[in-house]
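Colleague: I have a structure here, written as structure tokens, and I will follow up with some questions on it.
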Amino acid sequence: KEKNARECCSLPDSSWEERLADTVTPLWRLPYQEQLQVKYESQRKILQTLASCLEERGIDTQKPGGLCCPLQPVVPSPIINGYRNKSTFSVNRGPDGNPKTVGLYVGTGRARNIVCVKANHMKNIPPKHNQVAQCYEEFIRCSPLDPCILFHEGGHWRELVVRTTRHGHTMAIITFHPQALGQEALAAQKALLKEFFTCGPGTVCALTSLYFQESTMTRCSHEQSPFQLLHGEPHIFEDMLGLKFRISPDAFFQVNTAGAEVLYQTVRELSQAAGDTVLLDICCGTGTIGLSLAHQVSRIIGVEVVEKAIEDARWNAAFNGISNAEFHSGKAEVLLPQLLSSWEDARPLVAVVNPSRAGLHYRVVRAIRNCKSIRRLLYISCKPEGEAMRNFLELCCPPDRGRKLAGEPFTPTLAIPFDMFPHTVHCELVLLFTR
């Protein structure tokens with residue numbers, strides 16, 4: 001550890017800042033138009049791969065350029081710098097060897113060369129997020145408790161999540177490993193944290209909400225370990241597409257609000273939803289996609305595994321005067337087959353899916369594939385080259401009795417990439433499937 005600390009000190013701060021920027025935002029040196037071109041090429045290769053995989057399965061979908069469907073240019077982000085509304089900061093050893101450094105990682109755990117570098121220079125993170133991170137660092141450096149870098153080595157202070165909205169609301173969520181601390185000791189730490197951000201140096205952050213979560217795992221849901229509100233309001237709020245949305249600590253909300261507005265407007269157009277359409281919103285989060293289409297469809301059905309997000313979605317519908325939306329909490333692979341197996345509604349059914357990087361569970365894909373009423377499907381993916389590719393093939397492959405894929409296959413019809421993450425290599429791809 002001492003050797004690592006000495007090696008850290010040998011590099012100037014500017015070098016660490018550049019290393020972090022190159023790690024997290026590898027396109028930051030390129031002009032924005034060149035970034036868009038890089039992303040277009042990566043999406044083109046993904047569609048070529050999909051076309052080749054489908055051809056191997058006897059499906060000829062190739063279009064000019066070897067693509068499986070037409071690919072439109074990357075839709076730029078309305079905001080290029082400081083666009084993130086959510087940032088996650090880690091606690092670890094910094095370039096100067098201080099183990100109570102709050103920032104982002106350079107290096108890997110496997111190589112045991114992790115260094116935590118402050119993110120003040122990062123183009124995608126807004127100043128407010130860095131301000132909260134700096135104050136959290138100041139607090140833990142004054143605390144007698146150690147940081148929790150490796151669970152088995154003990155320590156307590158862990159990561160910080162900051163969420164902000166265009167209303168000026170700021171939510172801070174601090175994760176703490178309780179180790180063997182009793183309730184009295186935990187209460188004392190929570191009181192100190194609250195005092196720091198409400199009466200001490202942290203007041204400069206003007207937090208709307210301060211949450212505390214005791215977690216003995218890498219990630220904990222609210223059900224596994226409740227988010228404890230230490231100060232302020234239980235929710236923050238955002239306006240988007242003329243609607244007001246409530247956001248809980250662990251609810252999914254697109255990280256680029258302005259970019260999400262452009263994305264959802266396109267989803268609205270591609271859905272071709274008419275007045276008699278039923279919209280099935282799978283992995284609906286706080287209901288943003290479905291509710292933004294509520295005025296032009298007859299019914300919205302949302303499914304989401306995070307219970308608090310469903311509570312937000314229901315509140316969002318009620319607050320915005322939307323009465324044709326229903327939201328169900330639970331695993332999509334459990335709820336959706338039950339919902340669609342007995343589907344007898346004669347109205348057109350359009351599905352929108354927006355899963356995590358893990359993609360859709362096979363039972364979800366099978367339920368969609370085997371529901372004859374779904375003729376139009378919009379798949380929104382932040383990592384189409386990953387597990388989503390498996391989903392694409394399952395949706396489009398020939399009927400397979402062994403895998404219980406009896407329904408007519410879908411065909412990729414149109415692909416539109418959205419730059420939700422400027423300066424990074426990532427892109428949000430909207431892929432329209434029809435049958």
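Residues in the structure tokens are numbered from 1 in each chain, the chains being A, B, ... in the order shown, and ligands are numbered from 1 in the order shown.
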Can you tell me, as a list of chain:residue names, what residues are no more than 6 Å from Leu431 in chain A when counting only C-alpha atoms, ignoring any on the same chain fewer than 4 positions away?

Modeller: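 So, after excluding close chain neighbours, the residues are A:Leu378, A:Tyr379, A:Leu414, A:Ala415.
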
Colleague: Can you list every residue of range 64-99 of chain A that has an atom at most 9 Å from range 148-166 of chain A, with its nearest atom pair and the distance in Å to one decimal, using only C-alpha atoms, ordered by chain then number, as JSON lines?

Modeller:
```
{"residue": "A:Arg84", "atom": "CA", "partner": "A:Thr164", "partner_atom": "CA", "distance": 8.4}
{"residue": "A:Asn85", "atom": "CA", "partner": "A:Thr164", "partner_atom": "CA", "distance": 5.1}
{"residue": "A:Lys86", "atom": "CA", "partner": "A:Arg163", "partner_atom": "CA", "distance": 4.4}
{"residue": "A:Ser87", "atom": "CA", "partner": "A:Val162", "partner_atom": "CA", "distance": 5.4}
{"residue": "A:Thr88", "atom": "CA", "partner": "A:Val161", "partner_atom": "CA", "distance": 4.4}
{"residue": "A:Phe89", "atom": "CA", "partner": "A:Leu160", "partner_atom": "CA", "distance": 5.1}
{"residue": "A:Ser90", "atom": "CA", "partner": "A:Glu159", "partner_atom": "CA", "distance": 4.5}
{"residue": "A:Val91", "atom": "CA", "partner": "A:Arg158", "partner_atom": "CA", "distance": 5.7}
{"residue": "A:Asn92", "atom": "CA", "partner": "A:Ile149", "partner_atom": "CA", "distance": 5.9}
{"residue": "A:Arg93", "atom": "CA", "partner": "A:Ile149", "partner_atom": "CA", "distance": 8.4}
{"residue": "A:Pro99", "atom": "CA", "partner": "A:Ile149", "partner_atom": "CA", "distance": 8.2}
```

Colleague: Write out as a PyMOL selection string each polymer residue whose atoms come within 12 Å of range 186-194 of chain A, counting only C-alpha atoms; drop sequence neighbours fewer than 6 positions from it.

Modeller: chain A and resi 135-140+142-145+156-157+172-180+200-203+207+209-214+228-232

Colleague: For a quick check of understanding, using only C-alpha atoms, which of A:Val353, A:Ala258, A:Val132, A:Cys397 has the smallest distance to Phe196 in chain A?

Modeller: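 Nearest candidate to Phe196 in chain A out of A:Val353, A:Ala258, A:Val132, A:Cys397: A:Val132.
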
Colleague: Please list as a ChimeraX atom specification every residue within 9 Å of range 301-313 of chain A, counting only C-alpha atoms and excluding residues in the same chain fewer than 2 positions away.

Modeller: /A:221-223,245-252,278-288,290-291,299,315-318,324-332,335-336

Colleague: Put those residues in a file: C-alpha atoms, as an mmCIF file, in the first residue's frame.

Modeller:
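again_26.cif, freshly written:
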```cif
data_model
loop_
_atom_site.group_PDB
_atom_site.id
_atom_site.type_symbol
_atom_site.label_atom_id
_atom_site.label_comp_id
_atom_site.auth_asym_id
_atom_site.auth_seq_id
_atom_site.Cartn_x
_atom_site.Cartn_y
_atom_site.Cartn_z
ATOM 1 C CA SER A 221 -32.626 -1.977 -3.116
ATOM 2 C CA HIS A 222 -34.977 -0.057 -0.844
ATOM 3 C CA GLU A 223 -36.679 -3.350 0.006
ATOM 4 C CA PHE A 245 -42.382 13.695 -12.549
ATOM 5 C CA ARG A 246 -41.558 12.622 -9.005
ATOM 6 C CA ILE A 247 -38.210 10.901 -8.457
ATOM 7 C CA SER A 248 -37.311 8.583 -5.547
ATOM 8 C CA PRO A 249 -33.725 7.713 -4.488
ATOM 9 C CA ASP A 250 -33.477 4.475 -6.495
ATOM 10 C CA ALA A 251 -35.995 5.140 -9.274
ATOM 11 C CA PHE A 252 -34.745 4.953 -12.865
ATOM 12 C CA VAL A 278 -52.955 0.106 -25.811
ATOM 13 C CA LEU A 279 -49.335 0.916 -24.895
ATOM 14 C CA LEU A 280 -47.361 -1.719 -23.009
ATOM 15 C CA ASP A 281 -44.432 -0.007 -21.230
ATOM 16 C CA ILE A 282 -41.986 -2.669 -19.990
ATOM 17 C CA CYS A 283 -39.234 -1.599 -17.551
ATOM 18 C CA CYS A 284 -41.183 1.649 -17.229
ATOM 19 C CA GLY A 285 -39.263 3.241 -14.336
ATOM 20 C CA THR A 286 -41.218 6.250 -13.098
ATOM 21 C CA GLY A 287 -43.575 6.000 -16.078
ATOM 22 C CA THR A 288 -42.016 8.735 -18.201
ATOM 23 C CA GLY A 290 -45.976 5.837 -21.121
ATOM 24 C CA LEU A 291 -47.259 8.994 -19.494
ATOM 25 C CA ARG A 299 -54.675 2.731 -22.162
ATOM 26 C CA TRP A 315 -48.190 9.522 -8.297
ATOM 27 C CA ASN A 316 -47.029 11.010 -11.600
ATOM 28 C CA ALA A 317 -50.163 9.780 -13.350
ATOM 29 C CA ALA A 318 -52.481 11.133 -10.643
ATOM 30 C CA ASN A 324 -55.837 5.791 -18.395
ATOM 31 C CA ALA A 325 -52.572 4.434 -16.929
ATOM 32 C CA GLU A 326 -51.995 1.435 -14.677
ATOM 33 C CA PHE A 327 -48.644 0.390 -13.236
ATOM 34 C CA HIS A 328 -47.625 -3.005 -11.880
ATOM 35 C CA SER A 329 -44.696 -3.692 -9.562
ATOM 36 C CA GLY A 330 -42.777 -6.938 -9.974
ATOM 37 C CA LYS A 331 -40.443 -8.866 -12.233
ATOM 38 C CA ALA A 332 -41.430 -8.533 -15.880
ATOM 39 C CA LEU A 335 -45.976 -10.395 -14.643
ATOM 40 C CA LEU A 336 -45.859 -10.205 -18.433
#
```

Colleague: Have a look at A:Cys116, A:Leu349, A:Val74, A:Leu395 and name the one nearest to Glu34 in chain A; count only C-alpha atoms.

Modeller: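 Selected residue with least distance to Glu34 in chain A: A:Val74.
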
Colleague: I need the residues in range 342-402 of chain A that are strand (DSSP E) according to DSSP; give them as an MDAnalysis selection string.

Modeller: chainID A and resid 349:353 374:381

Colleague: May I have the selected residues written with N, CA, C and O atoms, as an mmCIF file, in the first residue's frame?

Modeller:
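Result file part11.cif:
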```
data_model
loop_
_atom_site.group_PDB
_atom_site.id
_atom_site.type_symbol
_atom_site.label_atom_id
_atom_site.label_comp_id
_atom_site.auth_asym_id
_atom_site.auth_seq_id
_atom_site.Cartn_x
_atom_site.Cartn_y
_atom_site.Cartn_z
ATOM 1 N N LEU A 349 -52.066 -3.248 -29.929
ATOM 2 C CA LEU A 349 -51.164 -3.295 -28.774
ATOM 3 C C LEU A 349 -49.741 -3.002 -29.247
ATOM 4 O O LEU A 349 -49.192 -3.725 -30.087
ATOM 5 N N VAL A 350 -49.164 -1.913 -28.737
ATOM 6 C CA VAL A 350 -47.794 -1.526 -29.063
ATOM 7 C C VAL A 350 -46.950 -1.672 -27.802
ATOM 8 O O VAL A 350 -47.351 -1.229 -26.723
ATOM 9 N N ALA A 351 -45.784 -2.303 -27.933
ATOM 10 C CA ALA A 351 -44.909 -2.511 -26.781
ATOM 11 C C ALA A 351 -43.665 -1.627 -26.894
ATOM 12 O O ALA A 351 -43.089 -1.476 -27.968
ATOM 13 N N VAL A 352 -43.271 -1.049 -25.751
ATOM 14 C CA VAL A 352 -42.009 -0.310 -25.632
ATOM 15 C C VAL A 352 -41.228 -0.951 -24.500
ATOM 16 O O VAL A 352 -41.763 -1.134 -23.391
ATOM 17 N N VAL A 353 -39.986 -1.322 -24.752
ATOM 18 C CA VAL A 353 -39.145 -1.904 -23.705
ATOM 19 C C VAL A 353 -37.889 -1.051 -23.545
ATOM 20 O O VAL A 353 -37.299 -0.604 -24.525
ATOM 21 N N ILE A 374 -49.346 -7.995 -30.520
ATOM 22 C CA ILE A 374 -48.222 -7.041 -30.603
ATOM 23 C C ILE A 374 -47.635 -7.121 -32.007
ATOM 24 O O ILE A 374 -46.966 -8.087 -32.365
ATOM 25 N N ARG A 375 -47.879 -6.097 -32.788
ATOM 26 C CA ARG A 375 -47.349 -6.038 -34.150
ATOM 27 C C ARG A 375 -46.203 -5.038 -34.268
ATOM 28 O O ARG A 375 -45.498 -5.007 -35.275
ATOM 29 N N ARG A 376 -46.055 -4.233 -33.236
ATOM 30 C CA ARG A 376 -45.061 -3.149 -33.281
ATOM 31 C C ARG A 376 -44.352 -3.094 -31.926
ATOM 32 O O ARG A 376 -45.000 -3.017 -30.887
ATOM 33 N N LEU A 377 -43.026 -3.122 -31.960
ATOM 34 C CA LEU A 377 -42.227 -3.153 -30.734
ATOM 35 C C LEU A 377 -41.071 -2.163 -30.855
ATOM 36 O O LEU A 377 -40.322 -2.186 -31.842
ATOM 37 N N LEU A 378 -40.924 -1.330 -29.864
ATOM 38 C CA LEU A 378 -39.800 -0.387 -29.797
ATOM 39 C C LEU A 378 -38.866 -0.829 -28.684
ATOM 40 O O LEU A 378 -39.267 -0.884 -27.516
ATOM 41 N N TYR A 379 -37.648 -1.181 -29.055
ATOM 42 C CA TYR A 379 -36.645 -1.630 -28.087
ATOM 43 C C TYR A 379 -35.622 -0.500 -27.907
ATOM 44 O O TYR A 379 -34.941 -0.121 -28.858
ATOM 45 N N ILE A 380 -35.530 0.040 -26.694
ATOM 46 C CA ILE A 380 -34.580 1.115 -26.381
ATOM 47 C C ILE A 380 -33.439 0.501 -25.582
ATOM 48 O O ILE A 380 -33.654 -0.051 -24.502
ATOM 49 N N SER A 381 -32.231 0.586 -26.113
ATOM 50 C CA SER A 381 -31.095 -0.071 -25.468
ATOM 51 C C SER A 381 -29.912 0.877 -25.320
ATOM 52 O O SER A 381 -29.535 1.559 -26.271
#
```

Colleague: Based on the backbone DSSP call, show me all residues of range 228-290 of chain A assigned helix (DSSP H, G or I), as number ranges by chain.

Modeller: A: 257-271, 288-290

Colleague: Tell me, as a PyMOL selection string, which residues lie within 8 Å of Thr424 in chain A, counting only C-alpha atoms; anything in the same chain fewer than 3 positions away does not count.

Modeller: chain A and resi 24-28+421

Colleague: Taking N, CA and C atoms for each residue, export the selection above as a compact mmCIF listing (two decimals), in the first residue's frame.

Modeller:
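File produced: selection_13.txt:
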```
# COMPACT_ATOMS: atom_id res chain seq x y z
N VAL A 24 -13.29 7.54 -18.43
CA VAL A 24 -14.75 7.67 -18.30
C VAL A 24 -15.37 8.32 -19.53
N THR A 25 -14.69 9.30 -20.11
CA THR A 25 -15.21 10.04 -21.27
C THR A 25 -14.15 10.04 -22.37
N PRO A 26 -13.90 8.88 -22.99
CA PRO A 26 -12.77 8.76 -23.92
C PRO A 26 -12.85 9.62 -25.18
N LEU A 27 -14.03 10.19 -25.47
CA LEU A 27 -14.15 11.03 -26.67
C LEU A 27 -14.03 12.52 -26.36
N TRP A 28 -13.69 12.86 -25.13
CA TRP A 28 -13.74 14.26 -24.71
C TRP A 28 -12.81 15.18 -25.51
N PHE A 421 -25.15 10.40 -24.06
CA PHE A 421 -23.95 10.40 -23.23
C PHE A 421 -22.77 11.05 -23.95
```

Colleague: Calculate how many Å separate CA of Leu360 in chain A from CA of Glu387 in chain A, rounding to one decimal.

Modeller: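 Answer for the CA of Leu360 in chain A to CA of Glu387 in chain A separation: 8.0 Å.
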
Colleague: What gap, in Å, lies between CA of Ala185 in chain A and CA of Ser225 in chain A?

Modeller: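 Going from CA of Ala185 in chain A over to CA of Ser225 in chain A, I get 17.8 Å.
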